[in-house]
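Source file: run30.cif; contents: mmCIF, C-alpha atoms and all ligand atoms.
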data_coords
#
loop_
_atom_site.label_atom_id
_atom_site.label_comp_id
_atom_site.auth_asym_id
_atom_site.auth_seq_id
_atom_site.Cartn_x
_atom_site.Cartn_y
_atom_site.Cartn_z
CA MET A 1 81.87 113.66 71.85
CA VAL A 2 84.97 113.23 73.90
CA ASP A 3 85.29 116.99 74.39
CA LEU A 4 81.69 117.23 75.55
CA PHE A 5 82.18 114.30 77.89
CA ARG A 6 85.37 115.80 79.23
CA ARG A 7 83.78 119.22 79.75
CA SER A 8 80.74 117.87 81.57
CA LEU A 9 82.99 115.72 83.72
CA LEU A 10 85.10 118.76 84.58
CA ILE A 11 82.06 120.75 85.56
CA ALA A 12 80.54 117.87 87.50
CA THR A 13 83.67 117.36 89.52
CA GLY A 14 84.38 121.04 90.09
CA LEU A 15 87.73 120.84 88.35
CA LEU A 16 86.98 123.29 85.56
CA ALA A 17 88.82 126.07 87.34
CA ALA A 18 92.58 125.93 87.08
CA ARG A 19 94.19 123.95 89.87
CA PRO A 20 97.79 123.68 90.94
CA LEU A 21 99.58 120.61 89.63
CA LEU A 22 101.02 119.67 92.99
CA HIS A 23 99.04 118.39 95.90
CA ALA A 24 98.78 120.81 98.78
CA SER A 25 100.34 118.41 101.24
CA ILE A 26 102.61 115.84 99.66
CA ALA A 27 103.59 113.18 102.17
CA ALA A 28 107.29 112.71 102.65
CA GLU A 29 107.36 108.93 102.46
CA ILE A 30 105.26 105.77 102.56
CA ASP A 31 105.17 103.37 105.44
CA PRO A 32 103.66 100.19 103.98
CA ALA A 33 103.34 98.81 107.52
CA ALA A 34 101.16 101.64 108.89
CA PRO A 35 97.68 100.22 109.59
CA LEU A 36 94.67 102.05 108.17
CA VAL A 37 92.18 102.82 110.93
CA TYR A 38 88.73 104.38 111.36
CA PRO A 39 87.82 107.11 110.58
CA TYR A 40 89.51 106.34 107.29
CA ALA A 41 91.08 109.04 105.16
CA VAL A 42 92.44 109.26 101.64
CA PRO A 43 96.22 109.14 102.00
CA PRO A 44 97.97 112.16 100.50
CA LEU A 45 100.02 111.41 97.41
CA THR A 46 103.79 111.28 97.88
CA TYR A 47 104.21 112.89 94.43
CA GLY A 48 102.48 115.45 92.27
CA TYR A 49 99.33 114.76 90.29
CA ASN A 50 101.45 115.13 87.18
CA ALA A 51 104.13 112.64 88.30
CA ASN A 52 102.68 109.75 86.32
CA GLU A 53 102.55 111.64 83.02
CA PRO A 54 102.43 110.60 80.26
CA ALA A 55 101.19 107.15 81.30
CA ILE A 56 98.46 108.58 83.55
CA ASP A 57 97.38 112.14 82.86
CA THR A 58 97.16 114.81 85.54
CA LEU A 59 93.39 115.30 85.35
CA THR A 60 92.75 111.57 85.72
CA MET A 61 94.99 111.53 88.79
CA GLN A 62 93.11 114.47 90.33
CA ILE A 63 89.65 112.98 89.76
CA HIS A 64 90.73 109.46 90.65
CA HIS A 65 92.46 110.38 93.91
CA ASP A 66 90.35 113.32 95.08
CA LYS A 67 86.91 112.17 93.94
CA HIS A 68 86.74 108.41 93.34
CA HIS A 69 88.95 107.34 96.23
CA ALA A 70 87.40 109.96 98.50
CA ALA A 71 83.94 108.54 97.74
CA TYR A 72 85.00 105.04 98.82
CA VAL A 73 86.36 106.44 102.07
CA SER A 74 83.31 108.58 102.74
CA ASN A 75 80.91 105.69 102.04
CA LEU A 76 82.94 103.36 104.24
CA ASN A 77 83.03 105.77 107.19
CA ALA A 78 79.29 106.36 106.87
CA ALA A 79 78.58 102.61 106.80
CA LEU A 80 80.62 102.02 109.97
CA LYS A 81 79.28 105.01 111.88
CA ASP A 82 76.94 102.99 114.08
CA TYR A 83 79.20 99.94 114.47
CA PRO A 84 81.84 100.73 117.13
CA ASP A 85 83.05 97.12 117.24
CA LEU A 86 83.95 97.26 113.55
CA GLN A 87 85.57 100.68 113.93
CA THR A 88 88.36 99.16 116.01
CA ARG A 89 89.48 96.87 113.20
CA PRO A 90 92.30 97.99 110.90
CA LEU A 91 91.20 97.93 107.28
CA ALA A 92 92.94 94.69 106.27
CA ASP A 93 91.38 92.93 109.26
CA LEU A 94 87.94 94.38 108.51
CA ILE A 95 87.92 93.02 104.97
CA ALA A 96 89.55 89.72 105.90
CA ARG A 97 86.54 89.07 108.18
CA LEU A 98 83.66 90.26 105.99
CA SER A 99 81.49 87.38 107.18
CA GLU A 100 81.42 89.07 110.60
CA VAL A 101 80.08 92.32 109.14
CA PRO A 102 76.27 92.59 109.55
CA ASP A 103 74.17 91.88 106.46
CA ALA A 104 72.84 95.43 106.42
CA ILE A 105 76.23 96.93 105.56
CA ARG A 106 78.26 93.98 104.26
CA THR A 107 78.02 94.80 100.54
CA THR A 108 78.74 98.48 101.20
CA VAL A 109 81.76 97.56 103.31
CA ARG A 110 82.99 95.03 100.75
CA ASN A 111 82.86 97.55 97.90
CA ASN A 112 84.12 100.61 99.73
CA ALA A 113 86.65 99.06 102.11
CA GLY A 114 87.93 97.08 99.15
CA GLY A 115 88.10 100.31 97.16
CA HIS A 116 90.01 102.05 99.95
CA ALA A 117 92.47 99.16 100.24
CA ASN A 118 93.04 98.82 96.51
CA HIS A 119 93.52 102.53 95.88
CA THR A 120 95.84 103.02 98.86
CA MET A 121 98.06 100.32 97.40
CA PHE A 122 97.70 101.84 93.91
CA TRP A 123 98.97 105.31 94.92
CA GLN A 124 101.85 103.72 96.83
CA ILE A 125 103.22 101.83 93.85
CA LEU A 126 102.98 104.72 91.36
CA GLY A 127 104.92 107.98 91.11
CA GLY A 128 108.07 106.27 89.85
CA LYS A 129 109.92 106.09 86.58
CA GLY A 130 109.22 102.47 85.68
CA GLY A 131 112.21 100.55 84.43
CA GLN A 132 113.00 97.21 86.03
CA PRO A 133 113.02 95.96 89.61
CA ASP A 134 116.22 94.98 91.33
CA GLY A 135 117.28 93.14 94.47
CA GLU A 136 114.89 90.72 96.16
CA VAL A 137 111.92 91.63 93.96
CA LYS A 138 113.90 90.99 90.81
CA ALA A 139 115.08 87.64 92.19
CA ALA A 140 111.53 86.66 93.19
CA ILE A 141 110.18 87.59 89.76
CA GLU A 142 112.86 85.55 88.00
CA ARG A 143 112.24 82.58 90.29
CA ASP A 144 108.43 82.63 89.99
CA PHE A 145 107.88 83.94 86.44
CA GLY A 146 111.16 83.24 84.68
CA SER A 147 111.81 86.86 83.79
CA PHE A 148 110.46 90.36 84.24
CA ASP A 149 109.35 90.41 80.60
CA ARG A 150 107.37 87.21 81.19
CA LEU A 151 105.67 88.62 84.29
CA ARG A 152 104.77 91.81 82.43
CA ALA A 153 103.37 89.91 79.45
CA ASP A 154 101.31 87.58 81.67
CA PHE A 155 100.07 90.49 83.78
CA ASN A 156 99.01 92.51 80.75
CA GLN A 157 97.19 89.54 79.28
CA SER A 158 95.37 89.03 82.59
CA ALA A 159 94.50 92.75 82.72
CA LEU A 160 92.94 92.65 79.27
CA LYS A 161 90.82 89.63 80.24
CA VAL A 162 89.17 91.39 83.19
CA PHE A 163 85.60 91.91 82.00
CA GLY A 164 84.13 95.23 83.08
CA SER A 165 85.69 96.76 86.19
CA GLY A 166 88.35 95.16 88.33
CA TRP A 167 92.02 94.76 89.08
CA ALA A 168 95.05 92.80 87.91
CA MET A 169 97.53 92.16 90.69
CA ILE A 170 100.71 90.42 91.73
CA LEU A 171 100.25 88.74 95.12
CA VAL A 172 103.03 87.97 97.57
CA ASP A 173 102.88 85.28 100.25
CA ARG A 174 104.77 85.04 103.55
CA ASP A 175 107.59 83.18 101.84
CA GLY A 176 107.95 85.92 99.27
CA ARG A 177 106.45 83.84 96.46
CA LEU A 178 104.70 85.84 93.76
CA SER A 179 101.57 84.97 91.82
CA LEU A 180 99.27 86.61 89.32
CA ALA A 181 95.65 87.34 90.25
CA ALA A 182 92.64 89.22 88.92
CA ARG A 183 89.75 90.52 91.00
CA PRO A 184 86.37 91.93 89.93
CA ASN A 185 84.92 95.26 91.11
CA GLN A 186 86.72 96.43 94.29
CA ASP A 187 87.40 92.98 95.70
CA SER A 188 90.76 92.85 97.46
CA PRO A 189 93.06 89.87 97.97
CA TRP A 190 92.99 90.74 101.69
CA MET A 191 89.42 89.39 101.68
CA GLU A 192 91.09 85.97 101.37
CA GLY A 193 93.97 86.91 103.66
CA LYS A 194 96.31 87.38 100.69
CA ALA A 195 98.63 90.35 100.23
CA PRO A 196 98.85 92.37 97.02
CA LEU A 197 102.40 93.41 96.10
CA PHE A 198 101.24 95.70 93.32
CA GLY A 199 98.32 95.95 90.93
CA ASN A 200 96.62 97.93 88.23
CA ASP A 201 93.20 99.56 88.38
CA LEU A 202 91.20 98.51 85.31
CA TRP A 203 88.10 100.57 86.01
CA GLU A 204 87.36 102.96 83.16
CA HIS A 205 87.72 105.87 85.59
CA ALA A 206 91.44 105.00 85.79
CA TYR A 207 92.13 105.60 82.10
CA TYR A 208 89.09 106.73 80.07
CA LEU A 209 89.90 110.46 79.80
CA LYS A 210 93.18 109.75 78.04
CA TYR A 211 92.70 106.31 76.52
CA GLN A 212 88.92 105.96 76.02
CA ASN A 213 88.38 102.33 74.93
CA ARG A 214 92.10 101.58 74.47
CA ARG A 215 92.69 99.66 77.68
CA ALA A 216 95.63 97.82 76.12
CA ASP A 217 97.48 101.11 75.59
CA TYR A 218 96.86 102.12 79.21
CA VAL A 219 97.96 98.75 80.54
CA ALA A 220 101.17 98.90 78.49
CA ALA A 221 101.98 102.51 79.47
CA TRP A 222 101.21 102.01 83.19
CA TRP A 223 104.50 100.17 83.80
CA SER A 224 106.44 103.37 83.07
CA ALA A 225 104.94 105.01 86.19
CA LEU A 226 105.75 102.19 88.63
CA ASN A 227 107.87 102.97 91.68
CA TRP A 228 110.00 99.87 92.21
CA LYS A 229 111.47 101.28 95.42
CA ALA A 230 107.98 101.47 96.92
CA ILE A 231 107.20 97.98 95.64
CA ALA A 232 110.43 96.71 97.24
CA ALA A 233 109.33 98.25 100.55
CA ARG A 234 105.97 96.48 100.22
CA TYR A 235 107.78 93.22 99.47
CA ALA A 236 109.97 93.57 102.56
CA ALA A 237 106.90 94.36 104.71
CA ALA A 238 105.07 91.32 103.31
CA ARG A 239 108.04 89.11 104.18
CA ALA A 240 108.00 90.54 107.70
CA ALA A 241 104.19 90.04 107.91
CA THR A 242 103.78 93.76 108.58
CA LEU A 243 102.31 94.84 105.24
CA ALA A 244 99.22 96.79 106.29
CA ILE A 245 97.27 97.11 103.04
MN MN3 B 1 89.99 103.42 90.78
#

Could you show the structure in this file as structure tokens?
Amino acid sequence: MVDLFRRSLLIATGLLAARPLLHASIAAEIDPAAPLVYPYAVPPLTYGYNANEPAIDTLTMQIHHDKHHAAYVSNLNAALKDYPDLQTRPLADLIARLSEVPDAIRTTVRNNAGGHANHTMFWQILGGKGGQPDGEVKAAIERDFGSFDRLRADFNQSALKVFGSGWAMILVDRDGRLSLAARPNQDSPWMEGKAPLFGNDLWEHAYYLKYQNRRADYVAAWWSALNWKAIAARYAAARAATLAI
């Protein structure tokens, strides 16, 4: 059944033909303070599709980045096409002021702008080798959670409690304080004016090809692909109130 599912998914997404493992245009570096503006675009990965192996398999990365994220971006751009006033708002501002988005497109913007925000963050904080944070992030974790092991255990427990699709995240406030949060669907903490430091995508599309129903295995393995340098850059941007998404 899994093979059939995998094959039909490959055909449906046009990935059956062999594809190179590396993205055609890998960005040199991440600027966590660069605002996302209309027309929105899927940010290129700063690492290869295979960089998160074995925690996240190459095919999942290809479909997730090139198809799922691209769909959020395409839907968002289409929704905003006839709303020039909204087009001038950077993404974090757009979703922080959802009440100002007309009824006709508000749900579409919530889901797809949230999806764009969440996935942009997600690609930024992956592509690393896991391990443990150091410097200011390590100090903040030890102050607010007691230890890195405690944060990881609490985060994983929160991730397993998310019913259906959603996200587990660590938020960071202006004072650098960290807190654990979970959000359903593609809701983003920016919708409440809160900044995500890092988070994990718990939609089945993020792990089903490799893990099927074993979300706990995915959640445990995911830490080995984290890029603590990128997370430290996000932390510094949050402290400077320049974190863009
Ligand atoms: Mn996703």

If you count only C-alpha atoms, which residues fall within 12 Å of stretch 157-164 of chain A, apart from same-chain ones fewer than 2 positions away, as a ChimeraX atom specification?
-> /A:150-155,166-170,179-186,199-205,213-220,222

Nearest to A:Arg239, chosen from A:Ala225, A:Leu91, A:Ala33, A:Leu59, with all atoms listed in the file counted in the distances |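 For A:Arg239, the nearest of the given residues is A:Ala33.
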
Report as a PyMOL selection string which protein, DNA and RNA residues come within 12 Å of ligand MN3 1 (chain B), using only C-alpha atoms and all ligand atoms.
-> chain A and resi 60-72+111-112+114-123+165-167+185-187+199-208

Taken to one decimal, the atom CA of A:Val137-atom CA of A:Leu197 distance is 9.9 Å

Using all atoms listed in the file, the shortest atom-to-atom distance to A:Pro32 among A:Ala221, A:Phe198, A:Tyr211, A:Asn52 belongs to A:Phe198

What does the distance from atom CA of A:Leu98 to atom CA of A:Arg110 come to in Å, to one decimal?
->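 Answer for the atom CA of A:Leu98 to atom CA of A:Arg110 separation: 7.1 Å.
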
Grab the atom CA of A:Gly48 to atom CA of A:Leu36 distance for me, in Å with one decimal place.
->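 These two atoms are separated by 22.2 Å.
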